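K.L.:
Just one file: data.cif, with mmCIF, C-alpha atoms.
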```
data_input
#
loop_
_atom_site.group_PDB
_atom_site.id
_atom_site.type_symbol
_atom_site.label_atom_id
_atom_site.label_comp_id
_atom_site.auth_asym_id
_atom_site.auth_seq_id
_atom_site.Cartn_x
_atom_site.Cartn_y
_atom_site.Cartn_z
ATOM 1 C CA ASN A 95 30.361 7.653 -8.024
ATOM 2 C CA ALA A 96 28.340 5.460 -5.698
ATOM 3 C CA PRO A 97 24.972 4.356 -7.030
ATOM 4 C CA SER A 98 22.105 6.265 -5.466
ATOM 5 C CA LYS A 99 19.150 4.660 -3.778
ATOM 6 C CA TYR A 100 15.661 6.015 -3.635
ATOM 7 C CA LEU A 101 12.910 6.407 -1.084
ATOM 8 C CA GLU A 102 9.353 7.390 -1.923
ATOM 9 C CA VAL A 103 7.164 8.264 1.037
ATOM 10 C CA HIS A 104 3.667 9.704 1.398
ATOM 11 C CA ILE A 105 2.953 11.576 4.612
ATOM 12 C CA GLY A 106 -0.703 12.098 5.438
ATOM 13 C CA TYR A 107 -2.348 15.005 7.188
ATOM 14 C CA LYS A 108 -5.935 15.947 8.036
ATOM 15 C CA LYS A 109 -7.886 19.166 7.703
ATOM 16 C CA GLY A 110 -6.577 21.554 10.319
ATOM 17 C CA GLU A 111 -3.114 19.975 10.235
ATOM 18 C CA GLU A 112 -1.695 22.105 7.430
ATOM 19 C CA TYR A 113 1.260 22.785 9.718
ATOM 20 C CA ILE A 114 2.466 19.317 8.656
ATOM 21 C CA VAL A 115 2.780 20.537 5.054
ATOM 22 C CA GLU A 116 4.717 23.599 6.187
ATOM 23 C CA ARG A 117 6.965 21.447 8.335
ATOM 24 C CA VAL A 118 7.685 19.048 5.451
ATOM 25 C CA LYS A 119 8.483 21.987 3.157
ATOM 26 C CA ARG A 120 10.737 23.607 5.741
ATOM 27 C CA GLU A 121 12.547 20.512 6.946
ATOM 28 C CA LYS A 122 13.049 18.448 3.816
ATOM 29 C CA ARG A 123 16.697 18.655 2.966
ATOM 30 C CA ILE A 124 16.861 16.817 -0.305
ATOM 31 C CA GLY A 125 14.384 15.358 -2.720
ATOM 32 C CA SER A 126 11.231 16.408 -4.475
ATOM 33 C CA LEU A 127 7.837 17.210 -2.989
ATOM 34 C CA LYS A 128 4.337 17.099 -4.435
ATOM 35 C CA ILE A 129 1.464 18.268 -2.246
ATOM 36 C CA GLU A 130 -2.064 16.961 -2.652
ATOM 37 C CA GLU A 131 -5.134 17.290 -0.451
ATOM 38 C CA GLY A 132 -4.242 15.381 2.702
ATOM 39 C CA LEU A 133 -0.957 14.024 1.351
ATOM 40 C CA CYS A 134 2.665 15.103 0.967
ATOM 41 C CA LYS A 135 4.453 12.913 -1.613
ATOM 42 C CA LEU A 136 8.223 12.908 -1.339
ATOM 43 C CA ARG A 137 10.990 11.227 -3.310
ATOM 44 C CA PHE A 138 14.593 11.162 -2.204
ATOM 45 C CA ASP A 139 17.526 9.985 -4.335
ATOM 46 C CA ILE A 140 20.457 9.539 -1.968
ATOM 47 C CA VAL A 141 23.501 7.330 -1.530
ATOM 48 C CA ASP A 142 22.821 6.358 2.102
ATOM 49 C CA ILE A 143 19.145 5.898 2.969
ATOM 50 C CA ALA A 144 20.051 5.806 6.677
ATOM 51 C CA GLU A 145 20.763 9.542 6.622
ATOM 52 C CA ILE A 146 17.046 10.283 6.096
ATOM 53 C CA VAL A 147 15.842 8.049 8.976
ATOM 54 C CA PRO A 148 16.108 10.608 11.815
ATOM 55 C CA TRP A 149 14.010 13.105 9.839
ATOM 56 C CA LEU A 150 11.527 10.436 8.757
ATOM 57 C CA ARG A 151 11.163 9.165 12.327
ATOM 58 C CA THR A 152 9.323 12.356 13.252
ATOM 59 C CA PHE A 153 6.559 11.437 10.773
ATOM 60 C CA ILE A 154 6.401 7.682 11.499
ATOM 61 C CA GLY A 155 2.717 7.650 12.548
ATOM 62 C CA ARG A 156 1.682 9.625 9.448
ATOM 63 C CA ILE A 157 3.323 7.498 6.757
ATOM 64 C CA GLU A 158 0.685 6.141 4.377
ATOM 65 C CA TYR A 159 2.958 4.723 1.674
ATOM 66 C CA MET A 160 6.609 3.895 1.388
ATOM 67 C CA ASN A 161 8.764 2.400 -1.354
ATOM 68 C CA CYS A 162 12.503 2.061 -1.030
ATOM 69 C CA SER A 163 15.274 0.444 -3.048
ATOM 70 C CA ASP A 164 17.164 -0.510 0.143
ATOM 71 C CA LYS A 165 15.681 -3.689 1.707
ATOM 72 C CA LYS A 166 17.451 -3.159 5.054
ATOM 73 C CA PHE A 167 15.573 0.109 5.388
ATOM 74 C CA TYR A 168 12.267 -1.794 5.750
ATOM 75 C CA SER A 169 13.505 -3.884 8.673
ATOM 76 C CA ASP A 170 14.854 -0.734 10.353
ATOM 77 C CA ILE A 171 11.458 0.971 9.947
ATOM 78 C CA GLU A 172 9.613 -2.057 11.382
ATOM 79 C CA GLU A 173 11.878 -1.969 14.444
ATOM 80 C CA MET A 174 11.276 1.749 14.829
ATOM 81 C CA LYS A 175 7.487 1.269 14.590
ATOM 82 C CA LYS A 176 7.657 -1.324 17.382
ATOM 83 C CA LEU A 177 9.619 1.084 19.561
ATOM 84 C CA TYR A 178 7.071 3.843 18.996
ATOM 85 C CA GLY A 179 4.063 1.532 19.325
ATOM 86 C CA VAL A 180 2.803 2.212 15.800
ATOM 87 C CA GLU A 181 0.543 -0.506 14.380
ATOM 88 C CA THR A 182 1.280 -1.873 10.915
#
```
What does this structure look like when you write it as structure tokens?

P.N.:
Amino acid sequence: NAPSKYLEVHIGYKKGEEYIVERVKREKRIGSLKIEEGLCKLRFDIVDIAEIVPWLRTFIGRIEYMNCSDKKFYSDIEEMKKLYGVET
């Protein structure tokens, strides 16, 4: 068994954007979800963090917090933010 890695991510939303919560619920494939006012808190335990990147990319401008056990993931996210013009 390969050791699993983890990713914790908080996706923010504003009043009137509750569709974001529904989208996170509908589209999350693996992991756990806790919903708070204005925040969706997710945790994924997976072998290959890269498999979550395409899904996460769709929320890149809404990410308020991220913690990951895979250091390469951070450099990939920084590159993606540059491509999408998202400020750090």

K.L.:
Evaluate the PyMOL selection byres ((chain A and resi 127) around 12) and record the selected residues as number ranges by chain, following the chain and residue labels used in the document.

P.N.:
A: 102-105, 115-116, 118-126, 128-130, 133-138

K.L.:
Those residues with C-alpha atoms, as a PDB file, in the coordinates of the input please?

P.N.:
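The resulting again.pdb:
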```pdb
ATOM      1  CA  GLU A 102       9.353   7.390  -1.923  1.00  0.00           C
ATOM      2  CA  VAL A 103       7.164   8.264   1.037  1.00  0.00           C
ATOM      3  CA  HIS A 104       3.667   9.704   1.398  1.00  0.00           C
ATOM      4  CA  ILE A 105       2.953  11.576   4.612  1.00  0.00           C
ATOM      5  CA  VAL A 115       2.780  20.537   5.054  1.00  0.00           C
ATOM      6  CA  GLU A 116       4.717  23.599   6.187  1.00  0.00           C
ATOM      7  CA  VAL A 118       7.685  19.048   5.451  1.00  0.00           C
ATOM      8  CA  LYS A 119       8.483  21.987   3.157  1.00  0.00           C
ATOM      9  CA  ARG A 120      10.737  23.607   5.741  1.00  0.00           C
ATOM     10  CA  GLU A 121      12.547  20.512   6.946  1.00  0.00           C
ATOM     11  CA  LYS A 122      13.049  18.448   3.816  1.00  0.00           C
ATOM     12  CA  ARG A 123      16.697  18.655   2.966  1.00  0.00           C
ATOM     13  CA  ILE A 124      16.861  16.817  -0.305  1.00  0.00           C
ATOM     14  CA  GLY A 125      14.384  15.358  -2.720  1.00  0.00           C
ATOM     15  CA  SER A 126      11.231  16.408  -4.475  1.00  0.00           C
ATOM     16  CA  LYS A 128       4.337  17.099  -4.435  1.00  0.00           C
ATOM     17  CA  ILE A 129       1.464  18.268  -2.246  1.00  0.00           C
ATOM     18  CA  GLU A 130      -2.064  16.961  -2.652  1.00  0.00           C
ATOM     19  CA  LEU A 133      -0.957  14.024   1.351  1.00  0.00           C
ATOM     20  CA  CYS A 134       2.665  15.103   0.967  1.00  0.00           C
ATOM     21  CA  LYS A 135       4.453  12.913  -1.613  1.00  0.00           C
ATOM     22  CA  LEU A 136       8.223  12.908  -1.339  1.00  0.00           C
ATOM     23  CA  ARG A 137      10.990  11.227  -3.310  1.00  0.00           C
ATOM     24  CA  PHE A 138      14.593  11.162  -2.204  1.00  0.00           C
TER      25      PHE A 138
END
```

K.L.:
Within 10 Å of (-4.0, 13.2, 8.8) (coordinates as in the file), grab all the protein and nucleic acid residues, counting all atoms listed in the file, and write them out as a list in words.

P.N.:
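Nearby residues: Ile105, Gly106, Tyr107, Lys108, Lys109, Gly110, Glu111, Glu112, Ile114, Gly132, Leu133, Gly155, Arg156, Ile157 and Glu158 of chain A.
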
K.L.:
What gap, in Å, lies between CA of Asp139 in chain A and CA of Phe167 in chain A?

P.N.:
14.0 Å

K.L.:
For a quick check of understanding, using all atoms listed in the file, which of A:Val180, A:Leu101, A:Trp149, A:Tyr113 has the smallest distance to Tyr168 in chain A?

P.N.:
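Comparing A:Val180, A:Leu101, A:Trp149, A:Tyr113 against Tyr168 in chain A, the winner is A:Leu101.
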
K.L.:
Could you state the separation of CA of Lys176 in chain A and CA of Tyr100 in chain A in Å, given to one decimal place?

P.N.:
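It comes out at 23.7 Å.
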
K.L.:
Mind pulling up the distance from CA of Asp164 in chain A to CA of Pro148 in chain A?

P.N.:
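These two atoms are separated by 16.2 Å.
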
K.L.:
Can you tell me, as a PyMOL selection string, what residues are no more than 6 Å from Lys99 in chain A when counting only C-alpha atoms, ignoring any on the same chain fewer than 4 positions away?

P.N.:
chain A and resi 139-141+163

K.L.:
May I have the residues within 12 Å of Ile171 in chain A as a PyMOL selection string, using all atoms listed in the file and disregarding those fewer than 4 positions away in the same chain?

P.N.:
chain A and resi 143-144+146-148+150-151+153-155+157+160-162+164-167+175-182

K.L.:
Please return the centre and edge lengths, in Å to one decimal, of a box with edges along x, y and z that contains all listed atoms of range 101-119 of chain A, widened by 8 Å on every side, as lines of an AutoDock Vina configuration file.

P.N.:
```
center_x = 2.5
center_y = 15.0
center_z = 4.2
size_x = 36.8
size_y = 33.2
size_z = 28.2
```
